[in-house]
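Data from coords_14.cif: mmCIF, C-alpha atoms and all ligand atoms
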data_final
loop_
_atom_site.label_atom_id
_atom_site.label_comp_id
_atom_site.auth_asym_id
_atom_site.auth_seq_id
_atom_site.Cartn_x
_atom_site.Cartn_y
_atom_site.Cartn_z
CA MET A 1 13.64 20.59 -24.79
CA THR A 2 10.64 21.34 -22.59
CA PRO A 3 9.59 18.75 -20.01
CA PRO A 4 6.79 16.51 -21.35
CA LEU A 5 3.89 17.45 -19.09
CA LEU A 6 0.36 16.33 -19.94
CA TRP A 7 -2.35 18.02 -17.88
CA SER A 8 -5.72 16.48 -17.04
CA PRO A 9 -8.66 18.73 -17.96
CA GLU A 10 -9.45 19.29 -14.28
CA ALA A 11 -5.90 20.26 -13.31
CA ALA A 12 -5.49 22.42 -16.41
CA ALA A 13 -8.71 24.29 -15.68
CA ALA A 14 -7.61 24.93 -12.10
CA ARG A 15 -4.25 26.25 -13.27
CA GLU A 16 -5.91 28.53 -15.84
CA ALA A 17 -8.24 29.95 -13.21
CA GLY A 18 -5.48 30.36 -10.60
CA ARG A 19 -7.28 27.95 -8.28
CA PRO A 20 -5.30 25.96 -5.69
CA LEU A 21 -3.85 22.61 -6.75
CA VAL A 22 -2.61 19.71 -4.65
CA ALA A 23 -0.27 17.06 -6.06
CA LEU A 24 -0.84 13.41 -5.13
CA GLU A 25 1.60 10.56 -5.66
CA SER A 26 0.99 7.30 -7.49
CA THR A 27 3.35 4.80 -5.84
CA ILE A 28 0.85 4.58 -3.02
CA ILE A 29 -1.64 3.36 -5.68
CA THR A 30 0.62 0.84 -7.45
CA HIS A 31 2.93 -0.36 -4.66
CA GLY A 32 1.51 0.84 -1.35
CA LEU A 33 -2.10 -0.38 -1.38
CA PRO A 34 -3.60 -3.71 -2.42
CA HIS A 35 -5.71 -4.06 -5.57
CA PRO A 36 -8.66 -3.27 -5.90
CA ARG A 37 -8.80 -0.99 -2.83
CA ASN A 38 -6.04 1.09 -4.43
CA LEU A 39 -8.37 2.59 -7.05
CA GLU A 40 -11.04 3.35 -4.51
CA VAL A 41 -8.49 5.10 -2.28
CA ALA A 42 -6.96 7.02 -5.18
CA ARG A 43 -10.41 8.37 -6.01
CA ALA A 44 -11.19 9.12 -2.37
CA LEU A 45 -7.93 11.09 -2.01
CA GLU A 46 -8.84 13.21 -5.03
CA GLU A 47 -12.34 13.75 -3.69
CA ALA A 48 -10.97 14.78 -0.27
CA VAL A 49 -8.86 17.46 -2.00
CA ARG A 50 -11.91 18.73 -3.95
CA GLU A 51 -14.12 18.83 -0.88
CA ALA A 52 -11.49 20.90 0.89
CA GLY A 53 -11.53 23.43 -1.96
CA ALA A 54 -8.58 22.55 -4.20
CA ALA A 55 -8.04 20.57 -7.40
CA PRO A 56 -6.19 17.23 -7.23
CA ALA A 57 -3.30 16.41 -9.57
CA THR A 58 -2.26 12.77 -9.24
CA MET A 59 1.18 12.44 -10.82
CA ALA A 60 2.33 9.44 -12.85
CA VAL A 61 4.37 8.59 -15.94
CA MET A 62 2.15 7.17 -18.68
CA ASP A 63 2.31 7.21 -22.48
CA GLY A 64 5.68 9.00 -22.50
CA ALA A 65 4.51 11.98 -20.44
CA ILE A 66 4.45 13.22 -16.89
CA ARG A 67 0.75 13.19 -16.22
CA VAL A 68 -0.35 16.15 -14.10
CA GLY A 69 -3.69 14.84 -12.93
CA LEU A 70 -5.23 11.61 -14.15
CA ALA A 71 -8.70 11.44 -15.64
CA GLU A 72 -10.90 8.59 -14.44
CA ASP A 73 -9.91 6.03 -17.10
CA ASP A 74 -6.18 6.74 -16.64
CA LEU A 75 -6.48 6.34 -12.88
CA GLN A 76 -8.18 2.99 -13.44
CA ARG A 77 -5.51 1.91 -15.96
CA LEU A 78 -2.76 2.74 -13.47
CA ALA A 79 -4.49 0.97 -10.56
CA ASP A 80 -5.01 -2.18 -12.67
CA ALA A 81 -1.54 -2.21 -14.26
CA ARG A 82 0.93 -4.89 -13.19
CA GLU A 83 4.35 -3.94 -14.52
CA VAL A 84 4.65 -0.35 -13.32
CA ALA A 85 8.06 0.87 -12.20
CA LYS A 86 8.44 2.64 -8.86
CA LEU A 87 10.10 5.92 -9.82
CA SER A 88 12.34 8.09 -7.72
CA ARG A 89 14.74 10.87 -8.78
CA ALA A 90 17.18 8.31 -10.21
CA ASP A 91 14.83 6.69 -12.71
CA LEU A 92 12.23 9.31 -13.63
CA ALA A 93 14.00 10.57 -16.76
CA ALA A 94 15.09 7.16 -18.04
CA THR A 95 11.59 5.71 -17.72
CA LEU A 96 10.03 8.74 -19.43
CA ALA A 97 12.57 8.63 -22.25
CA ALA A 98 11.91 4.93 -22.78
CA GLY A 99 8.16 5.49 -22.93
CA ARG A 100 7.51 3.04 -20.11
CA PRO A 101 4.89 3.52 -17.36
CA GLY A 102 5.90 4.51 -13.86
CA ALA A 103 4.44 5.45 -10.52
CA THR A 104 5.98 8.39 -8.70
CA THR A 105 7.29 8.13 -5.15
CA VAL A 106 7.44 11.16 -2.86
CA ALA A 107 10.77 12.22 -4.41
CA ALA A 108 9.57 11.89 -8.01
CA THR A 109 6.19 13.48 -7.25
CA MET A 110 7.97 16.50 -5.78
CA ILE A 111 9.98 16.88 -8.99
CA CYS A 112 6.82 16.63 -11.10
CA ALA A 113 4.96 19.08 -8.85
CA ARG A 114 7.74 21.65 -9.18
CA LEU A 115 7.70 21.31 -12.97
CA ALA A 116 3.93 21.89 -12.89
CA GLY A 117 4.22 24.87 -10.51
CA ILE A 118 2.34 23.04 -7.74
CA GLU A 119 3.62 23.90 -4.28
CA VAL A 120 1.80 21.40 -2.05
CA PHE A 121 1.69 17.63 -2.13
CA ALA A 122 -0.12 15.10 0.07
CA THR A 123 0.98 11.51 0.69
CA GLY A 124 0.72 8.89 3.43
CA GLY A 125 4.19 8.81 4.91
CA ILE A 126 7.55 9.72 3.47
CA GLY A 127 10.43 7.29 3.12
CA GLY A 128 13.38 7.71 5.46
CA ALA A 129 16.35 5.98 7.07
CA HIS A 130 15.61 2.28 7.44
CA ARG A 131 16.45 0.41 10.61
CA GLY A 132 19.95 -0.93 10.19
CA ALA A 133 20.76 1.91 7.78
CA GLU A 134 24.18 2.19 9.42
CA ALA A 135 24.97 -1.12 7.70
CA SER A 136 22.65 -1.15 4.67
CA TRP A 137 22.90 2.59 3.84
CA ASP A 138 19.20 2.39 2.94
CA VAL A 139 18.08 6.00 3.25
CA SER A 140 15.18 7.05 1.04
CA ALA A 141 15.82 9.57 -1.73
CA ASP A 142 12.67 11.29 -0.39
CA LEU A 143 14.81 12.99 2.30
CA HIS A 144 17.26 14.44 -0.21
CA GLU A 145 14.40 15.62 -2.41
CA LEU A 146 12.91 17.52 0.52
CA ALA A 147 16.26 19.25 0.80
CA ARG A 148 16.34 20.44 -2.79
CA THR A 149 12.85 20.79 -4.28
CA PRO A 150 10.52 23.59 -3.12
CA VAL A 151 7.35 21.63 -2.35
CA THR A 152 5.55 21.39 1.00
CA VAL A 153 4.84 17.70 1.62
CA VAL A 154 1.99 16.78 3.95
CA ALA A 155 2.59 13.34 5.49
CA ALA A 156 1.74 11.51 8.72
CA GLY A 157 5.42 11.67 9.64
CA ALA A 158 7.71 8.95 8.34
CA LYS A 159 6.58 5.33 8.19
CA ALA A 160 6.94 3.55 11.53
CA ILE A 161 8.85 0.73 9.83
CA LEU A 162 11.78 3.16 9.66
CA ASP A 163 14.42 4.30 12.11
CA LEU A 164 12.64 7.52 13.12
CA PRO A 165 15.41 9.11 15.23
CA ARG A 166 17.89 8.69 12.36
CA THR A 167 15.31 9.90 9.86
CA LEU A 168 14.89 13.11 11.87
CA GLU A 169 18.67 13.48 12.18
CA VAL A 170 19.10 13.23 8.42
CA LEU A 171 16.33 15.77 7.85
CA GLU A 172 18.01 18.15 10.28
CA THR A 173 21.39 17.68 8.59
CA LEU A 174 19.80 18.36 5.21
CA GLY A 175 18.11 21.52 6.50
CA VAL A 176 14.53 20.34 6.00
CA PRO A 177 11.93 22.06 8.19
CA VAL A 178 9.90 19.37 9.98
CA ILE A 179 6.69 20.94 11.21
CA GLY A 180 4.32 19.22 13.64
CA TRP A 181 0.77 20.10 12.66
CA ARG A 182 -0.96 21.17 15.88
CA THR A 183 1.38 18.89 17.79
CA ASP A 184 4.75 19.02 19.55
CA ALA A 185 5.38 15.33 18.78
CA PHE A 186 6.68 13.86 15.55
CA PRO A 187 3.97 11.46 14.37
CA ALA A 188 4.76 7.83 13.49
CA PHE A 189 2.40 7.12 10.55
CA TRP A 190 -0.08 4.63 12.12
CA SER A 191 0.38 6.24 15.57
CA ARG A 192 0.08 9.89 16.59
CA ASP A 193 3.24 10.11 18.63
CA SER A 194 6.67 8.61 17.89
CA GLY A 195 7.98 9.70 21.27
CA LEU A 196 10.28 12.15 19.46
CA PRO A 197 9.70 15.90 19.43
CA ALA A 198 8.73 17.67 16.23
CA PRO A 199 11.39 20.35 15.60
CA LEU A 200 8.79 22.99 14.62
CA ARG A 201 5.09 23.41 15.27
CA MET A 202 2.37 25.26 13.37
CA ASP A 203 -1.35 25.57 14.08
CA ALA A 204 -2.76 27.44 11.07
CA PRO A 205 -2.52 26.67 7.33
CA ALA A 206 -1.56 30.29 6.65
CA GLU A 207 1.57 29.89 8.82
CA VAL A 208 2.66 26.93 6.71
CA ALA A 209 2.00 28.85 3.50
CA ARG A 210 3.94 31.93 4.66
CA ALA A 211 6.90 29.82 5.79
CA HIS A 212 6.95 28.08 2.39
CA ARG A 213 7.07 31.40 0.55
CA MET A 214 9.63 32.85 2.95
CA ARG A 215 12.04 30.00 2.19
CA GLY A 216 11.68 30.83 -1.48
CA ALA A 217 12.23 34.53 -0.83
CA LEU A 218 15.40 33.74 1.10
CA GLY A 219 16.68 31.57 -1.72
CA ILE A 220 16.79 28.51 0.50
CA GLU A 221 16.24 25.55 -1.75
CA GLY A 222 14.08 22.62 -0.71
CA GLY A 223 10.64 22.12 0.74
CA GLN A 224 8.99 21.54 4.06
CA LEU A 225 7.65 18.42 5.75
CA LEU A 226 4.28 19.09 7.38
CA ALA A 227 3.83 16.19 9.79
CA ASN A 228 0.13 15.64 10.35
CA PRO A 229 -0.80 13.02 12.96
CA ILE A 230 -3.31 10.31 12.05
CA PRO A 231 -6.81 11.08 13.41
CA ALA A 232 -7.09 9.71 16.98
CA GLU A 233 -9.99 7.38 16.13
CA ALA A 234 -7.99 5.68 13.37
CA GLU A 235 -4.70 5.30 15.27
CA ILE A 236 -3.04 1.94 16.00
CA PRO A 237 -1.03 2.15 19.23
CA ALA A 238 2.72 1.95 18.68
CA ALA A 239 2.98 -0.88 21.25
CA THR A 240 0.57 -3.03 19.23
CA LEU A 241 2.55 -2.52 16.05
CA ALA A 242 6.10 -2.83 17.44
CA PRO A 243 6.31 -6.66 17.47
CA LEU A 244 4.64 -6.92 14.05
CA ILE A 245 7.04 -4.41 12.53
CA ALA A 246 9.97 -6.32 14.06
CA GLN A 247 8.66 -9.57 12.56
CA ALA A 248 8.18 -8.04 9.09
CA ILE A 249 11.71 -6.59 9.16
CA ALA A 250 13.18 -9.94 10.25
CA GLU A 251 11.39 -11.63 7.35
CA ALA A 252 12.66 -9.04 4.90
CA GLU A 253 16.21 -9.68 6.09
CA ALA A 254 15.80 -13.46 5.93
CA GLN A 255 14.52 -13.17 2.35
CA ALA A 256 17.27 -10.66 1.41
CA ILE A 257 14.71 -8.07 0.27
CA SER A 258 16.62 -4.92 -0.71
CA ALA A 259 16.51 -1.52 -2.42
CA LYS A 260 13.11 -0.42 -3.78
CA ALA A 261 11.40 -3.64 -2.74
CA VAL A 262 11.88 -3.06 1.01
CA THR A 263 9.10 -0.54 1.66
CA PRO A 264 6.37 -2.32 -0.38
CA PHE A 265 7.33 -5.66 1.23
CA LEU A 266 7.12 -4.29 4.77
CA LEU A 267 3.83 -2.45 4.18
CA GLY A 268 2.35 -5.60 2.63
CA ARG A 269 3.46 -7.86 5.50
CA ILE A 270 2.20 -5.47 8.15
CA LEU A 271 -1.16 -5.39 6.40
CA GLU A 272 -1.31 -9.19 6.66
CA LEU A 273 -0.05 -9.31 10.25
CA THR A 274 -2.66 -6.75 11.38
CA ASP A 275 -5.47 -8.48 9.45
CA GLY A 276 -5.96 -5.38 7.36
CA ALA A 277 -6.12 -2.91 10.28
CA SER A 278 -2.95 -1.16 9.06
CA LEU A 279 -4.65 -0.57 5.70
CA GLU A 280 -7.64 1.20 7.25
CA ALA A 281 -5.28 3.38 9.27
CA ASN A 282 -3.16 4.08 6.18
CA ILE A 283 -6.25 5.22 4.27
CA ALA A 284 -7.51 7.40 7.13
CA LEU A 285 -4.19 9.20 7.51
CA ALA A 286 -3.78 9.74 3.77
CA LEU A 287 -7.26 11.30 3.51
CA ASN A 288 -6.47 13.49 6.49
CA ASN A 289 -3.29 14.64 4.74
CA ALA A 290 -5.14 15.38 1.50
CA ARG A 291 -7.56 17.68 3.35
CA LEU A 292 -4.79 19.56 5.14
CA ALA A 293 -2.79 19.93 1.93
CA ALA A 294 -5.83 21.53 0.28
CA GLN A 295 -6.08 24.06 3.10
CA VAL A 296 -2.41 24.98 2.71
CA ALA A 297 -2.82 25.21 -1.08
CA ARG A 298 -5.72 27.63 -0.62
CA GLU A 299 -3.61 29.86 1.61
CA LEU A 300 -0.76 29.76 -0.92
CA ALA A 301 -3.15 30.71 -3.72
CA ALA A 302 -4.18 33.75 -1.69
CA LEU A 303 -0.58 34.98 -1.27
CA PRO A 304 1.23 36.95 -3.98
CA ARG A 305 3.31 34.55 -6.09
CA ASP A 306 6.69 36.17 -5.32
N1 LIG B 1 3.04 6.52 1.68
C1 LIG B 1 2.17 5.49 1.82
N2 LIG B 1 2.41 4.34 1.12
C2 LIG B 1 3.49 4.23 0.25
C3 LIG B 1 4.41 5.31 0.11
C4 LIG B 1 4.12 6.43 0.85
O1 LIG B 1 1.20 5.59 2.60
O2 LIG B 1 3.64 3.19 -0.38
C5 LIG B 1 5.61 5.23 -0.83
C6 LIG B 1 6.00 6.63 -1.23
O3 LIG B 1 5.93 6.70 -2.63
C7 LIG B 1 7.42 6.83 -0.73
C8 LIG B 1 7.95 5.43 -0.87
O4 LIG B 1 8.12 7.78 -1.47
O5 LIG B 1 6.84 4.66 -0.34
C9 LIG B 1 9.27 5.27 -0.17
O6 LIG B 1 10.00 4.24 -0.77
P1 LIG B 1 11.58 4.05 -0.43
O7 LIG B 1 11.62 3.74 1.04
O8 LIG B 1 12.01 2.85 -1.29
O9 LIG B 1 12.29 5.31 -0.81
MN MN B 2 15.34 2.56 0.11
#

I'd like the structure from this file rewritten - as C-alpha cells, please.
Amino acid sequence: MTPPLLWSPEAAAAREAGRPLVALESTIITHGLPHPRNLEVARALEEAVREAGAAPATMAVMDGAIRVGLAEDDLQRLADAREVAKLSRADLAATLAAGRPGATTVAATMICARLAGIEVFATGGIGGAHRGAEASWDVSADLHELARTPVTVVAAGAKAILDLPRTLEVLETLGVPVIGWRTDAFPAFWSRDSGLPAPLRMDAPAEVARAHRMRGALGIEGGQLLANPIPAEAEIPAATLAPLIAQAIAEAEAQAISAKAVTPFLLGRILELTDGASLEANIALALNNARLAAQVARELAALPRD
C-alpha cells in the first residue's frame, strides 16, 4: 500500500519543477491560534514562504488523505472546522484510516514531510519537556520525532511554557542537533534568549543545508532543530512573561488539564493574560521562521540530492 498523499496544485508544480518546498504544520491553525486570526496567519505563513522563494506545503489530514499543501478553500475549511483531532505520531495512521480530519503537530508534520520528500519545515515552537515532567512524564513526541525523521525544523526554540533545560537535555540524549541561528543562546519562543546556550551555531543557510545532507550521508537518522530567535522588535521580555506562565500552569494543574490538551490550554491562557500580546509575538516569530525555512530549502535545492 502506498501512503495516501494528495498534493495541492502549487506544491505539485513545485515538486515537478524541482523548486524548493517548505512544509508548514496545521495544529498551529486549529489549536494554537484563535479563530478567525488563524486563517489569516495560515495564509500569511504561506505567503512568507513564497516571498522568500519557495513553495509552501501546509500539511493536514482531510478527506482520507495526507494533504501536501492546501488550496485556499481547504485552508479555510480547516481553519473554520471545530472537531479536528490534534495528530502526533501515535494517531496519524488511525485518523487517516478512519477518514476523519486531523491537524498535524510538529511530529506528524515531520512524518508527512518525509513522505513527500520535503526536507525543511517551519513552525512556531516545538513541544518539549513540560515543567513537572519528572512527575507527569509529559514530554512531547516532537522531540523523539526530531531524533528519527530527517527533516530540518525551523522554530523559535521550544515554547517558554516548557522546562527548557530538560528539553535541551532530552534533545542532547536523543542526538538531535540544536542549532542557534546567528545566536549563541537558545531562544525561548516569545523571548530571544532563554539564558541557556545553544549547543551549535550557524550563520548561513548553506551551512544548515550542508549539515542536513551530511547527516543523511552518514546514515544518522533524524533531523535538525534550527532555533531562530523572535525578531527583537516583537519580543516579550522573559521577566514579563514568567509570572503569567506560572499562573497559567497553576490553573492547568488545578483543572487537571492533561495530555494533548496541555499545550493549547497554556497558549490560550497566556494569550488572555497578555491581552493578546503573546499572539502578536507568536505570529511574528512564525513568519520569521517561514522566511528562514525558505532560505534553507533554496540551499538544499541547489545541492545534489545524494
Ligand atoms: N507552535 C506554535 N503553536 C502551536 C504549536 C507549535 O506556535 O500550537 C503546536 C505544535 O503542533 C506542536 C504542539 O507540535 O503544539 C506540541 O504539542 P504537545 O506539547 O502536546 O506535544
Ligand atoms: Mn504532551

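Each of A:Thr105, A:Asn288, A:Gln247, A:Gln255 was checked against ligand MN 2 (chain B) using all atoms listed in the file; the smallest atom-to-atom distance is that of A:Thr105.
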
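Residue nearest Ala147 of chain A, chosen from A:Glu221, A:Asp275, A:Asp163, A:Asp193 and counting only C-alpha atoms: A:Glu221.
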
I'd like the neighbourhood of Thr274 of chain A as a PyMOL selection string, where a residue qualifies if any of its atoms comes within 12 Å (using only C-alpha atoms), though same-chain residues fewer than 5 positions away should be ignored.
chain A and resi 190+236-237+240-245+247-248+267-269+279-281

Using C-alpha atoms, can you export the residues from the last selection as a CSV table (one decimal), keeping the file's coordinate frame?
chain,number,residue,atom,x,y,z
A,190,TRP,CA,-0.1,4.6,12.1
A,236,ILE,CA,-3.0,1.9,16.0
A,237,PRO,CA,-1.0,2.2,19.2
A,240,THR,CA,0.6,-3.0,19.2
A,241,LEU,CA,2.6,-2.5,16.0
A,242,ALA,CA,6.1,-2.8,17.4
A,243,PRO,CA,6.3,-6.7,17.5
A,244,LEU,CA,4.6,-6.9,14.0
A,245,ILE,CA,7.0,-4.4,12.5
A,247,GLN,CA,8.7,-9.6,12.6
A,248,ALA,CA,8.2,-8.0,9.1
A,267,LEU,CA,3.8,-2.4,4.2
A,268,GLY,CA,2.4,-5.6,2.6
A,269,ARG,CA,3.5,-7.9,5.5
A,279,LEU,CA,-4.6,-0.6,5.7
A,280,GLU,CA,-7.6,1.2,7.2
A,281,ALA,CA,-5.3,3.4,9.3

Which residues come within 12 Å of Ala290 of chain A, counting all atoms listed in the file, excluding same-chain residues fewer than 5 positions away, as a PyMOL selection string?
chain A and resi 21-25+41-58+120-125+153-156+226+228+230+283-285+295-297

Go ahead and dump the residues you just picked, C-alpha atoms, as a PDB file, in the coordinates of the input.
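So out-v7.pdb came out as:
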ATOM      1  CA  LEU A  21      -3.850  22.610  -6.750  1.00  0.00           C
ATOM      2  CA  VAL A  22      -2.610  19.710  -4.650  1.00  0.00           C
ATOM      3  CA  ALA A  23      -0.270  17.060  -6.060  1.00  0.00           C
ATOM      4  CA  LEU A  24      -0.840  13.410  -5.130  1.00  0.00           C
ATOM      5  CA  GLU A  25       1.600  10.560  -5.660  1.00  0.00           C
ATOM      6  CA  VAL A  41      -8.490   5.100  -2.280  1.00  0.00           C
ATOM      7  CA  ALA A  42      -6.960   7.020  -5.180  1.00  0.00           C
ATOM      8  CA  ARG A  43     -10.410   8.370  -6.010  1.00  0.00           C
ATOM      9  CA  ALA A  44     -11.190   9.120  -2.370  1.00  0.00           C
ATOM     10  CA  LEU A  45      -7.930  11.090  -2.010  1.00  0.00           C
ATOM     11  CA  GLU A  46      -8.840  13.210  -5.030  1.00  0.00           C
ATOM     12  CA  GLU A  47     -12.340  13.750  -3.690  1.00  0.00           C
ATOM     13  CA  ALA A  48     -10.970  14.780  -0.270  1.00  0.00           C
ATOM     14  CA  VAL A  49      -8.860  17.460  -2.000  1.00  0.00           C
ATOM     15  CA  ARG A  50     -11.910  18.730  -3.950  1.00  0.00           C
ATOM     16  CA  GLU A  51     -14.120  18.830  -0.880  1.00  0.00           C
ATOM     17  CA  ALA A  52     -11.490  20.900   0.890  1.00  0.00           C
ATOM     18  CA  GLY A  53     -11.530  23.430  -1.960  1.00  0.00           C
ATOM     19  CA  ALA A  54      -8.580  22.550  -4.200  1.00  0.00           C
ATOM     20  CA  ALA A  55      -8.040  20.570  -7.400  1.00  0.00           C
ATOM     21  CA  PRO A  56      -6.190  17.230  -7.230  1.00  0.00           C
ATOM     22  CA  ALA A  57      -3.300  16.410  -9.570  1.00  0.00           C
ATOM     23  CA  THR A  58      -2.260  12.770  -9.240  1.00  0.00           C
ATOM     24  CA  VAL A 120       1.800  21.400  -2.050  1.00  0.00           C
ATOM     25  CA  PHE A 121       1.690  17.630  -2.130  1.00  0.00           C
ATOM     26  CA  ALA A 122      -0.120  15.100   0.070  1.00  0.00           C
ATOM     27  CA  THR A 123       0.980  11.510   0.690  1.00  0.00           C
ATOM     28  CA  GLY A 124       0.720   8.890   3.430  1.00  0.00           C
ATOM     29  CA  GLY A 125       4.190   8.810   4.910  1.00  0.00           C
ATOM     30  CA  VAL A 153       4.840  17.700   1.620  1.00  0.00           C
ATOM     31  CA  VAL A 154       1.990  16.780   3.950  1.00  0.00           C
ATOM     32  CA  ALA A 155       2.590  13.340   5.490  1.00  0.00           C
ATOM     33  CA  ALA A 156       1.740  11.510   8.720  1.00  0.00           C
ATOM     34  CA  LEU A 226       4.280  19.090   7.380  1.00  0.00           C
ATOM     35  CA  ASN A 228       0.130  15.640  10.350  1.00  0.00           C
ATOM     36  CA  ILE A 230      -3.310  10.310  12.050  1.00  0.00           C
ATOM     37  CA  ILE A 283      -6.250   5.220   4.270  1.00  0.00           C
ATOM     38  CA  ALA A 284      -7.510   7.400   7.130  1.00  0.00           C
ATOM     39  CA  LEU A 285      -4.190   9.200   7.510  1.00  0.00           C
ATOM     40  CA  GLN A 295      -6.080  24.060   3.100  1.00  0.00           C
ATOM     41  CA  VAL A 296      -2.410  24.980   2.710  1.00  0.00           C
ATOM     42  CA  ALA A 297      -2.820  25.210  -1.080  1.00  0.00           C
TER      43      ALA A 297
END

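Using all atoms listed in the file for every distance, the candidate list A:Val139, A:Leu115, A:Leu92, A:Leu196 yields A:Val139 as the residue closest to ligand LIG 1 (chain B).
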
Using all atoms listed in the file, determine which residues lie at most 9 Å from Asp142 of chain A, disregarding the query and same-chain residues fewer than 5 positions distant; provide the list as a PyMOL selection string.
chain A and resi 88-89+105-108+110+126-128+147

Two-atom distance - atom CA of Leu300 of chain A, atom CA of Leu143 of chain A (Å)
23.1 Å

Write out as a Markdown table the residues of chain A that have any atom within 7 Å of an atom of ligand MN 2 (chain B), one row each with the nearest atom pair and its distance in Å to one decimal, counting all atoms listed in the file, sorted by chain and then rising number.
| residue | atom | partner | partner_atom | distance |
| --- | --- | --- | --- | --- |
| A:Asp138 | CA | B:MN2 | MN | 4.8 |
| A:Val139 | CA | B:MN2 | MN | 5.4 |
| A:Ser140 | CA | B:MN2 | MN | 4.6 |
| A:Ala259 | CA | B:MN2 | MN | 4.9 |
| A:Lys260 | CA | B:MN2 | MN | 5.4 |
| A:Val262 | CA | B:MN2 | MN | 6.7 |

I'd like to know which of A:Ala211, A:Ala135, A:Met1, A:Leu271 is closest to ligand LIG 1 (chain B), using all atoms listed in the file.
A:Leu271

Name the residues in contact with Lys86 of chain A at a cut-off of 9 Å, using only C-alpha atoms, excluding same-chain residues fewer than 3 positions from it; report them as a PyMOL selection string.
chain A and resi 26-27+30-31+91+102-105+260

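Distances from A:Thr109, A:Gln224, A:Thr167, A:Thr173 to ligand LIG 1 (chain B) were compared using all atoms listed in the file, and the smallest one belongs to A:Thr109.
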
Quick one: 3 Å padding each side, axis-aligned, all listed atoms of ligand LIG 1 (chain B) - centre and edge lengths in Å to one decimal, as AutoDock Vina command-line options?
--center_x 6.7 --center_y 5.3 --center_z 0.0 --size_x 17.1 --size_y 10.9 --size_z 11.2

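Reported to one decimal place, the separation of atom CA of Ala238 of chain A from atom CA of Ala188 of chain A is 8.1 Å.
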
Is it possible to add N, CA, C and O atoms to segment 139-151 of chain A and hand it back as a PDB file, in the frame of the given file?
ATOM      1  N   VAL A 139      18.728   4.746   2.878  1.00  0.00           N
ATOM      2  CA  VAL A 139      18.080   6.000   3.250  1.00  0.00           C
ATOM      3  C   VAL A 139      17.316   6.485   2.029  1.00  0.00           C
ATOM      4  O   VAL A 139      17.896   6.634   0.947  1.00  0.00           O
ATOM      5  N   SER A 140      16.022   6.711   2.189  1.00  0.00           N
ATOM      6  CA  SER A 140      15.180   7.050   1.040  1.00  0.00           C
ATOM      7  C   SER A 140      15.616   8.346   0.366  1.00  0.00           C
ATOM      8  O   SER A 140      15.959   9.333   1.026  1.00  0.00           O
ATOM      9  N   ALA A 141      15.547   8.352  -0.952  1.00  0.00           N
ATOM     10  CA  ALA A 141      15.820   9.570  -1.730  1.00  0.00           C
ATOM     11  C   ALA A 141      14.784  10.655  -1.417  1.00  0.00           C
ATOM     12  O   ALA A 141      15.000  11.827  -1.742  1.00  0.00           O
ATOM     13  N   ASP A 142      13.672  10.286  -0.777  1.00  0.00           N
ATOM     14  CA  ASP A 142      12.670  11.290  -0.390  1.00  0.00           C
ATOM     15  C   ASP A 142      13.303  12.389   0.481  1.00  0.00           C
ATOM     16  O   ASP A 142      12.946  13.567   0.373  1.00  0.00           O
ATOM     17  N   LEU A 143      14.235  12.001   1.366  1.00  0.00           N
ATOM     18  CA  LEU A 143      14.810  12.990   2.300  1.00  0.00           C
ATOM     19  C   LEU A 143      15.647  14.006   1.537  1.00  0.00           C
ATOM     20  O   LEU A 143      15.577  15.213   1.802  1.00  0.00           O
ATOM     21  N   HIS A 144      16.430  13.523   0.579  1.00  0.00           N
ATOM     22  CA  HIS A 144      17.260  14.440  -0.210  1.00  0.00           C
ATOM     23  C   HIS A 144      16.394  15.347  -1.086  1.00  0.00           C
ATOM     24  O   HIS A 144      16.731  16.507  -1.316  1.00  0.00           O
ATOM     25  N   GLU A 145      15.285  14.801  -1.557  1.00  0.00           N
ATOM     26  CA  GLU A 145      14.400  15.620  -2.410  1.00  0.00           C
ATOM     27  C   GLU A 145      13.806  16.752  -1.587  1.00  0.00           C
ATOM     28  O   GLU A 145      13.688  17.894  -2.070  1.00  0.00           O
ATOM     29  N   LEU A 146      13.444  16.459  -0.353  1.00  0.00           N
ATOM     30  CA  LEU A 146      12.910  17.520   0.520  1.00  0.00           C
ATOM     31  C   LEU A 146      13.925  18.631   0.703  1.00  0.00           C
ATOM     32  O   LEU A 146      13.574  19.786   0.914  1.00  0.00           O
ATOM     33  N   ALA A 147      15.206  18.263   0.609  1.00  0.00           N
ATOM     34  CA  ALA A 147      16.260  19.250   0.800  1.00  0.00           C
ATOM     35  C   ALA A 147      16.511  20.107  -0.429  1.00  0.00           C
ATOM     36  O   ALA A 147      17.165  21.140  -0.341  1.00  0.00           O
ATOM     37  N   ARG A 148      15.994  19.681  -1.581  1.00  0.00           N
ATOM     38  CA  ARG A 148      16.340  20.440  -2.790  1.00  0.00           C
ATOM     39  C   ARG A 148      15.186  20.957  -3.615  1.00  0.00           C
ATOM     40  O   ARG A 148      15.380  21.840  -4.451  1.00  0.00           O
ATOM     41  N   THR A 149      13.974  20.430  -3.421  1.00  0.00           N
ATOM     42  CA  THR A 149      12.850  20.790  -4.280  1.00  0.00           C
ATOM     43  C   THR A 149      11.776  21.516  -3.470  1.00  0.00           C
ATOM     44  O   THR A 149      11.332  21.005  -2.434  1.00  0.00           O
ATOM     45  N   PRO A 150      11.367  22.717  -3.937  1.00  0.00           N
ATOM     46  CA  PRO A 150      10.520  23.590  -3.120  1.00  0.00           C
ATOM     47  C   PRO A 150       9.029  23.203  -3.114  1.00  0.00           C
ATOM     48  O   PRO A 150       8.197  23.887  -3.676  1.00  0.00           O
ATOM     49  N   VAL A 151       8.733  22.093  -2.457  1.00  0.00           N
ATOM     50  CA  VAL A 151       7.350  21.630  -2.350  1.00  0.00           C
ATOM     51  C   VAL A 151       7.085  21.306  -0.874  1.00  0.00           C
ATOM     52  O   VAL A 151       7.932  20.697  -0.223  1.00  0.00           O
TER      53      VAL A 151
END
